[in-house]
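Novice: Starting off with a structure, shown below.
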Amino acid sequence: MSAFNDIRDYVAIPRVLSLRLSPDGSRLVSTVQSLNPDGKSYGTALWAIPVDGEPYRLTRSAKGESSSVFTAAGDVLFTSSRPDPTVKDGEEVPSLWLLPRAGGEARQVATRPGGIGTVRTAADVVVFVSDVYDGEESAEADKRKARKDAGISAILHESYPVRYWDHDLGPGRPRLFAGRLGADRLEDVRDLTPDAGDALREASFELTPDGSTVLVTWRTFLPRGEMRTDLVAIDVATGERRVLLAEDHYDFGGPLAVSPDGTKVACARDRHTGYDVSARSELWIADLDTGEGSEYAHDLFPSEVAWAPDSASLYLVADHQGRRPVFHVPLDGEVRRLTGDHAAYQALGVSPDGGFVYALRSAVDLAPGPARIAVADGEIVDLPSPAPRPEVPGTLTEISATADDGATVRGWLVLPEGASAADPAPFLMFIHGGPLGSWNDWTWRWQAWIMAQQGYAVLLPDPCMSTGYGQEMIDRGWGNWGPRTQADLDALVDVALARDDVDSERIAALGGSYGGYMANWLAGHTDRYKCIVTHASLWHLDQFSGTTDMSMYWQREFGAPGNERYKALSPHESLEAITTPLLVIHGDKDYRVPIGEGLRLWWDLQRVGAEAKFLYFPDENHWILKPGNIIAWYETVLAFLAQHVLGQEWKRPDSVA
């Protein structure tokens, strides 16, 4: 039986989340997520994947493991909240553990009262991030206990922002700590950034190969709630900090990679958007001594980078025409696309001899798994995976259309088994978020193959502002979200519905985040869809602009609240025109698109008598992540579609009964 037939079977599929190559190139280590025995949550474990053998599990604990990196000796460092067997009644916060390459039990090598997050290591140096309260470090644990015992949850902020995606910021602040690997513990652990303030919120960092310097993104706070991200270099021995890359109206950030010879850094250079300035990201390579740099791989937005061993070139992952290939980027030569398939790649690792690139390989119709890519000819070999890939129930085909302005837009069409002229499939359109993004990869959250198993054809369109089609595609939709995007979507839908194996009458639209914004826009500007599902969606733009977690980013494009662009592009302005039934979905812990958007939309639909339902998740954020809630999401969406697209009687799913 297909894993897509029953949502409970689907949520139980193990998932490969990451990939790291050992220094000697002999094995990879991966974090694998799977359903816990209680069926109510997910757990993680580390697996080893020999490059010429079968995968085997490395760790087992109730708390799970993540953030794995290899030491120079080939041991594995990872973080886990598992209890330390050598300490009685220890705090269950993420600590740093070491698993010897030679085998045996993992041992805890470092812990902090505020836990340990991202870890990097080079030579015998280890740098990690930890959450710290202001004041004397010696009183850290006592401060945390006193706050907990007093029942205090209040956070006093003196700068913006106060939240990020799905979590509150503070009262602690992130700091970088450095230490050296000793025989049993991390030794000489010290705070490299005691004066950082809030500069290291959501920071990315990497070490130079000799462990002498850490490159880290550093937030510079500007007037009126604005900020800029610079790249700074910190001397690990002294803590001395110097600004390496900083420029007005630009952010320098991840992905970060330092060349093996320790002379250059590759990163992303993102320009600040504005009312008439669209988003742009470029690969930037700079000299570590002087900071002098330049753009490489023009018009390819960098997703991941990894250097070749000779430091004369690097490998870049970027969205491209509905794929996410690996590109070879020489410092002095032409960019070459290395992978020629329709897959999406991530987690690059280059073999020590430079002959192979290892990566996670996935696609719209392929769950992630490890692969080896030959540098010489681009040959791709899938390696044995610790999580077998499920077979998809249907076929994937590519479609394109000419929009009303003459531009070519494209997308993927998922077709269920058995769709034909004699039995055309009912049609769904999934609108992606972003708006900068692309339907080019496997997704565990908006799974078209579940819909295909139920007999639906699913269009995955890349309209204006989708990445991988050049800067012009982004510029086309900038400041014109609703009308321009709708025209592109209409063109692709028309092409899909002209097929004889797709039913042109039984159709619905679904979208989340920016896709939810477009779902709301379509509801007020067309009646062609039998129903619309809108998840974590923007509804009242003026209201949203000041309550989202990143208001400064939003207001760069749309201007100050009350600006005419809000009125022209806010879906709520077309409330009275909505005649299509809507299923509104929102999580209360969503800080990117706050719950106020969902509540306002729901109330507005109620007060005008529109046909609608509201699926509310008190304990979820922008994404629905808990297994039971995932089941409720899919079952409710499928029941809503069955009622309005298939004409079946409404049946309330048991999961939300």
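Note on naming: chains are A, B, ... as they come in the structure tokens, residues start from 1 per chain, ligands start from 1 in the order shown.
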So that I can see what lies close to Val32 in chain A, please list as a list in words the residues with an atom at most 10 Å from it, counting only C-alpha atoms and leaving out residues fewer than 4 positions away in the same chain.
Specialist: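 Surrounding residues, per the criterion: Pro14, Arg15, Val16, Leu17, Ser18, Leu19, Gly43, Thr44, Ala45, Leu46, Trp47, Arg57, Gly64, Glu65, Ser66, Pro386 and Ala387 of chain A.
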Novice: Can those selected residues be exported to a file as an mmCIF file, in the first residue's frame so that it contains N, CA and C atoms?
Specialist:
data_model
loop_
_atom_site.group_PDB
_atom_site.id
_atom_site.type_symbol
_atom_site.label_atom_id
_atom_site.label_comp_id
_atom_site.auth_asym_id
_atom_site.auth_seq_id
_atom_site.Cartn_x
_atom_site.Cartn_y
_atom_site.Cartn_z
ATOM 1 N N PRO A 14 10.409 8.090 7.709
ATOM 2 C CA PRO A 14 11.646 8.723 8.193
ATOM 3 C C PRO A 14 12.168 9.740 7.175
ATOM 4 N N ARG A 15 12.836 10.785 7.678
ATOM 5 C CA ARG A 15 13.259 11.891 6.834
ATOM 6 C C ARG A 15 14.738 12.203 7.040
ATOM 7 N N VAL A 16 15.497 12.269 5.958
ATOM 8 C CA VAL A 16 16.911 12.635 6.019
ATOM 9 C C VAL A 16 17.010 14.156 6.001
ATOM 10 N N LEU A 17 17.605 14.736 7.055
ATOM 11 C CA LEU A 17 17.591 16.188 7.214
ATOM 12 C C LEU A 17 18.912 16.865 6.878
ATOM 13 N N SER A 18 20.024 16.151 6.985
ATOM 14 C CA SER A 18 21.313 16.828 6.820
ATOM 15 C C SER A 18 22.356 15.840 6.311
ATOM 16 N N LEU A 19 23.530 16.366 5.981
ATOM 17 C CA LEU A 19 24.617 15.524 5.471
ATOM 18 C C LEU A 19 25.939 16.243 5.710
ATOM 19 N N GLY A 43 11.495 12.449 16.646
ATOM 20 C CA GLY A 43 12.814 12.392 17.256
ATOM 21 C C GLY A 43 13.876 12.347 16.177
ATOM 22 N N THR A 44 15.130 12.584 16.569
ATOM 23 C CA THR A 44 16.229 12.576 15.624
ATOM 24 C C THR A 44 17.345 11.666 16.101
ATOM 25 N N ALA A 45 18.100 11.142 15.156
ATOM 26 C CA ALA A 45 19.254 10.310 15.454
ATOM 27 C C ALA A 45 20.296 10.530 14.375
ATOM 28 N N LEU A 46 21.555 10.277 14.708
ATOM 29 C CA LEU A 46 22.639 10.385 13.743
ATOM 30 C C LEU A 46 22.903 9.025 13.100
ATOM 31 N N TRP A 47 23.098 9.051 11.804
ATOM 32 C CA TRP A 47 23.436 7.851 11.034
ATOM 33 C C TRP A 47 24.744 8.085 10.291
ATOM 34 N N ARG A 57 23.182 3.135 12.133
ATOM 35 C CA ARG A 57 22.804 4.139 13.130
ATOM 36 C C ARG A 57 23.931 4.351 14.132
ATOM 37 N N GLY A 64 17.202 12.786 21.352
ATOM 38 C CA GLY A 64 17.625 13.006 19.986
ATOM 39 C C GLY A 64 18.926 13.774 19.880
ATOM 40 N N GLU A 65 19.463 13.831 18.649
ATOM 41 C CA GLU A 65 20.746 14.468 18.396
ATOM 42 C C GLU A 65 20.674 15.301 17.118
ATOM 43 N N SER A 66 21.510 16.349 17.064
ATOM 44 C CA SER A 66 21.523 17.198 15.869
ATOM 45 C C SER A 66 22.825 17.977 15.820
ATOM 46 N N PRO A 386 19.729 6.098 4.736
ATOM 47 C CA PRO A 386 19.197 5.599 6.015
ATOM 48 C C PRO A 386 17.675 5.692 6.090
ATOM 49 N N ALA A 387 17.054 6.409 5.151
ATOM 50 C CA ALA A 387 15.590 6.515 5.106
ATOM 51 C C ALA A 387 15.144 6.219 3.677
#
Novice: Which residues are close to Gln643 in chain A, i.e. within 12 Å by only C-alpha atoms, leaving aside same-chain residues fewer than 4 positions away? Reply as a ChimeraX atom specification.
Specialist: /A:506-508,530-532,581-583,636-639,647-652
Novice: Apply DSSP to the backbone of this structure and, from range 249-361 of chain A, keep only the residues in strand (DSSP E); write these as an MDAnalysis selection string.
Specialist: chainID A and resid 250:258 264:271 280:287 293:296 304:307 313:317 326:330 336:337 344:350 356:361
Novice: Would you mind exporting the chosen residues as a tab-separated table (two decimals), in the first residue's frame, restricted to C-alpha atoms?
Specialist:
chain	number	residue	atom	x	y	z
A	250	TYR	CA	23.44	45.56	1.75
A	251	ASP	CA	23.53	42.52	4.01
A	252	PHE	CA	26.41	40.04	3.98
A	253	GLY	CA	25.43	36.64	5.28
A	254	GLY	CA	24.95	32.94	4.79
A	255	PRO	CA	25.75	30.72	3.12
A	256	LEU	CA	29.32	31.20	4.41
A	257	ALA	CA	32.36	29.16	3.38
A	258	VAL	CA	36.08	29.80	3.95
A	264	LYS	CA	39.02	33.92	0.96
A	265	VAL	CA	35.43	33.81	2.14
A	266	ALA	CA	32.36	33.15	0.01
A	267	CYS	CA	29.01	34.50	1.17
A	268	ALA	CA	25.75	36.02	-0.03
A	269	ARG	CA	25.47	39.76	-0.65
A	270	ASP	CA	21.80	40.76	-0.42
A	271	ARG	CA	20.71	44.25	-1.34
A	280	ARG	CA	18.61	40.64	-5.27
A	281	SER	CA	21.11	38.13	-3.87
A	282	GLU	CA	24.54	37.41	-5.31
A	283	LEU	CA	27.54	35.21	-4.61
A	284	TRP	CA	30.26	37.42	-3.14
A	285	ILE	CA	33.88	36.30	-2.69
A	286	ALA	CA	36.23	38.45	-0.64
A	287	ASP	CA	39.85	38.45	0.50
A	293	GLY	CA	35.56	41.34	-3.05
A	294	SER	CA	33.39	40.99	-6.10
A	295	GLU	CA	30.33	39.19	-7.47
A	296	TYR	CA	30.54	35.76	-9.10
A	304	GLU	CA	24.80	26.79	-0.57
A	305	VAL	CA	28.52	26.95	-1.34
A	306	ALA	CA	31.46	24.59	-0.85
A	307	TRP	CA	35.07	25.17	-1.88
A	313	SER	CA	36.96	27.27	-7.48
A	314	LEU	CA	33.84	26.48	-5.54
A	315	TYR	CA	30.53	24.68	-5.93
A	316	LEU	CA	27.31	26.63	-5.75
A	317	VAL	CA	23.70	25.53	-5.32
A	326	VAL	CA	25.02	22.30	-8.48
A	327	PHE	CA	27.21	24.76	-10.42
A	328	HIS	CA	31.00	24.78	-10.65
A	329	VAL	CA	32.30	28.34	-10.23
A	330	PRO	CA	36.01	28.91	-11.05
A	336	ARG	CA	29.48	25.39	-15.46
A	337	ARG	CA	26.32	23.59	-14.48
A	344	ALA	CA	17.39	19.96	-6.05
A	345	TYR	CA	20.67	19.69	-4.10
A	346	GLN	CA	21.81	20.78	-0.67
A	347	ALA	CA	24.40	19.98	2.03
A	348	LEU	CA	27.44	19.92	-0.26
A	349	GLY	CA	30.68	18.20	0.70
A	350	VAL	CA	33.70	17.96	-1.60
A	356	PHE	CA	33.47	14.13	-6.15
A	357	VAL	CA	30.81	16.30	-4.59
A	358	TYR	CA	28.50	14.67	-2.05
A	359	ALA	CA	25.05	16.13	-1.44
A	360	LEU	CA	21.47	15.49	-0.45
A	361	ARG	CA	19.55	14.97	-3.68
Novice: Mind the document's chain letters and residue numbers, and return as a ChimeraX atom specification the residues of range 365-529 of chain A that DSSP labels helix (DSSP H, G or I).
Specialist: /A:448-453,471-477,481-497,514-525
Novice: Quick one: residues within 10 Å of Thr229 in chain A, only C-alpha atoms counted, chain neighbours fewer than 6 positions away excluded, as an MDAnalysis selection string?
Specialist: chainID A and resid 199:200 203 216:221 245:253 269:270
Novice: Let me see the file: selected residues, N, CA and C atoms, as a PDB file, in the first residue's frame.
Specialist:
ATOM      1  N   ALA A 199      23.675  41.733  18.576  1.00  0.00           N
ATOM      2  CA  ALA A 199      24.256  41.661  17.232  1.00  0.00           C
ATOM      3  C   ALA A 199      24.305  40.250  16.661  1.00  0.00           C
ATOM      4  N   LEU A 200      24.242  39.237  17.520  1.00  0.00           N
ATOM      5  CA  LEU A 200      24.394  37.864  17.047  1.00  0.00           C
ATOM      6  C   LEU A 200      23.066  37.116  16.935  1.00  0.00           C
ATOM      7  N   ALA A 203      22.656  34.515  13.937  1.00  0.00           N
ATOM      8  CA  ALA A 203      23.920  34.666  13.216  1.00  0.00           C
ATOM      9  C   ALA A 203      24.365  33.367  12.552  1.00  0.00           C
ATOM     10  N   VAL A 216      31.780  35.749  11.274  1.00  0.00           N
ATOM     11  CA  VAL A 216      30.417  35.701  11.791  1.00  0.00           C
ATOM     12  C   VAL A 216      29.616  36.899  11.298  1.00  0.00           C
ATOM     13  N   THR A 217      28.340  36.664  10.995  1.00  0.00           N
ATOM     14  CA  THR A 217      27.459  37.760  10.619  1.00  0.00           C
ATOM     15  C   THR A 217      27.129  38.579  11.863  1.00  0.00           C
ATOM     16  N   TRP A 218      27.078  39.897  11.686  1.00  0.00           N
ATOM     17  CA  TRP A 218      26.966  40.820  12.832  1.00  0.00           C
ATOM     18  C   TRP A 218      25.923  41.882  12.498  1.00  0.00           C
ATOM     19  N   ARG A 219      24.859  41.942  13.276  1.00  0.00           N
ATOM     20  CA  ARG A 219      23.809  42.913  13.039  1.00  0.00           C
ATOM     21  C   ARG A 219      24.235  44.300  13.520  1.00  0.00           C
ATOM     22  N   THR A 220      24.091  45.271  12.631  1.00  0.00           N
ATOM     23  CA  THR A 220      24.306  46.672  12.999  1.00  0.00           C
ATOM     24  C   THR A 220      22.945  47.349  13.027  1.00  0.00           C
ATOM     25  N   PHE A 221      22.574  47.899  14.182  1.00  0.00           N
ATOM     26  CA  PHE A 221      21.253  48.491  14.346  1.00  0.00           C
ATOM     27  C   PHE A 221      21.283  49.953  13.924  1.00  0.00           C
ATOM     28  N   LEU A 245      33.325  42.898   5.956  1.00  0.00           N
ATOM     29  CA  LEU A 245      32.440  43.322   4.878  1.00  0.00           C
ATOM     30  C   LEU A 245      31.281  44.103   5.463  1.00  0.00           C
ATOM     31  N   ALA A 246      31.112  45.331   5.008  1.00  0.00           N
ATOM     32  CA  ALA A 246      29.998  46.177   5.436  1.00  0.00           C
ATOM     33  C   ALA A 246      29.742  47.210   4.351  1.00  0.00           C
ATOM     34  N   GLU A 247      28.486  47.402   4.025  1.00  0.00           N
ATOM     35  CA  GLU A 247      28.130  48.347   2.976  1.00  0.00           C
ATOM     36  C   GLU A 247      26.699  48.819   3.200  1.00  0.00           C
ATOM     37  N   ASP A 248      26.493  50.106   3.084  1.00  0.00           N
ATOM     38  CA  ASP A 248      25.141  50.640   3.228  1.00  0.00           C
ATOM     39  C   ASP A 248      24.203  49.990   2.225  1.00  0.00           C
ATOM     40  N   HIS A 249      23.001  49.638   2.709  1.00  0.00           N
ATOM     41  CA  HIS A 249      21.937  49.077   1.876  1.00  0.00           C
ATOM     42  C   HIS A 249      22.236  47.656   1.392  1.00  0.00           C
ATOM     43  N   TYR A 250      23.156  46.961   2.080  1.00  0.00           N
ATOM     44  CA  TYR A 250      23.436  45.563   1.746  1.00  0.00           C
ATOM     45  C   TYR A 250      23.635  44.748   3.023  1.00  0.00           C
ATOM     46  N   ASP A 251      23.239  43.484   2.957  1.00  0.00           N
ATOM     47  CA  ASP A 251      23.530  42.519   4.007  1.00  0.00           C
ATOM     48  C   ASP A 251      24.528  41.496   3.476  1.00  0.00           C
ATOM     49  N   PHE A 252      25.484  41.122   4.305  1.00  0.00           N
ATOM     50  CA  PHE A 252      26.411  40.041   3.982  1.00  0.00           C
ATOM     51  C   PHE A 252      26.126  38.890   4.941  1.00  0.00           C
ATOM     52  N   GLY A 253      25.794  37.732   4.387  1.00  0.00           N
ATOM     53  CA  GLY A 253      25.429  36.636   5.277  1.00  0.00           C
ATOM     54  C   GLY A 253      25.568  35.278   4.635  1.00  0.00           C
ATOM     55  N   ARG A 269      25.618  38.305  -0.773  1.00  0.00           N
ATOM     56  CA  ARG A 269      25.469  39.759  -0.647  1.00  0.00           C
ATOM     57  C   ARG A 269      24.059  40.108  -1.103  1.00  0.00           C
ATOM     58  N   ASP A 270      23.217  40.500  -0.147  1.00  0.00           N
ATOM     59  CA  ASP A 270      21.801  40.760  -0.422  1.00  0.00           C
ATOM     60  C   ASP A 270      21.536  42.259  -0.332  1.00  0.00           C
TER      61      ASP A 270
END
Novice: Tell me, as a ChimeraX atom specification, which residues lie within 10 Å of range 462-475 of chain A, counting only C-alpha atoms; anything in the same chain fewer than 6 positions away does not count.
Specialist: /A:276-281,298-301,318-324,400,403,407-412,431-440,481,484-492
Novice: From the set A:Gly115, A:Ala577, A:Arg528, A:Ile49, which residue has the shortest atom-to-atom contact distance to Ser80 in chain A, counting only C-alpha atoms?
Specialist: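 With only C-alpha atoms as the atom set, the closest residue is A:Gly115.
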Novice: Have a look at CA of Thr395 in chain A and CA of Gly511 in chain A and let me know their distance in Å, one decimal.
Specialist: 21.8 Å
Novice: Between A:Ala374, A:Ile450, A:Pro309, A:Val495, which is the closest to Ile399 in chain A once you count only C-alpha atoms?
Specialist: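 With only C-alpha atoms as the atom set, the closest residue is A:Val495.
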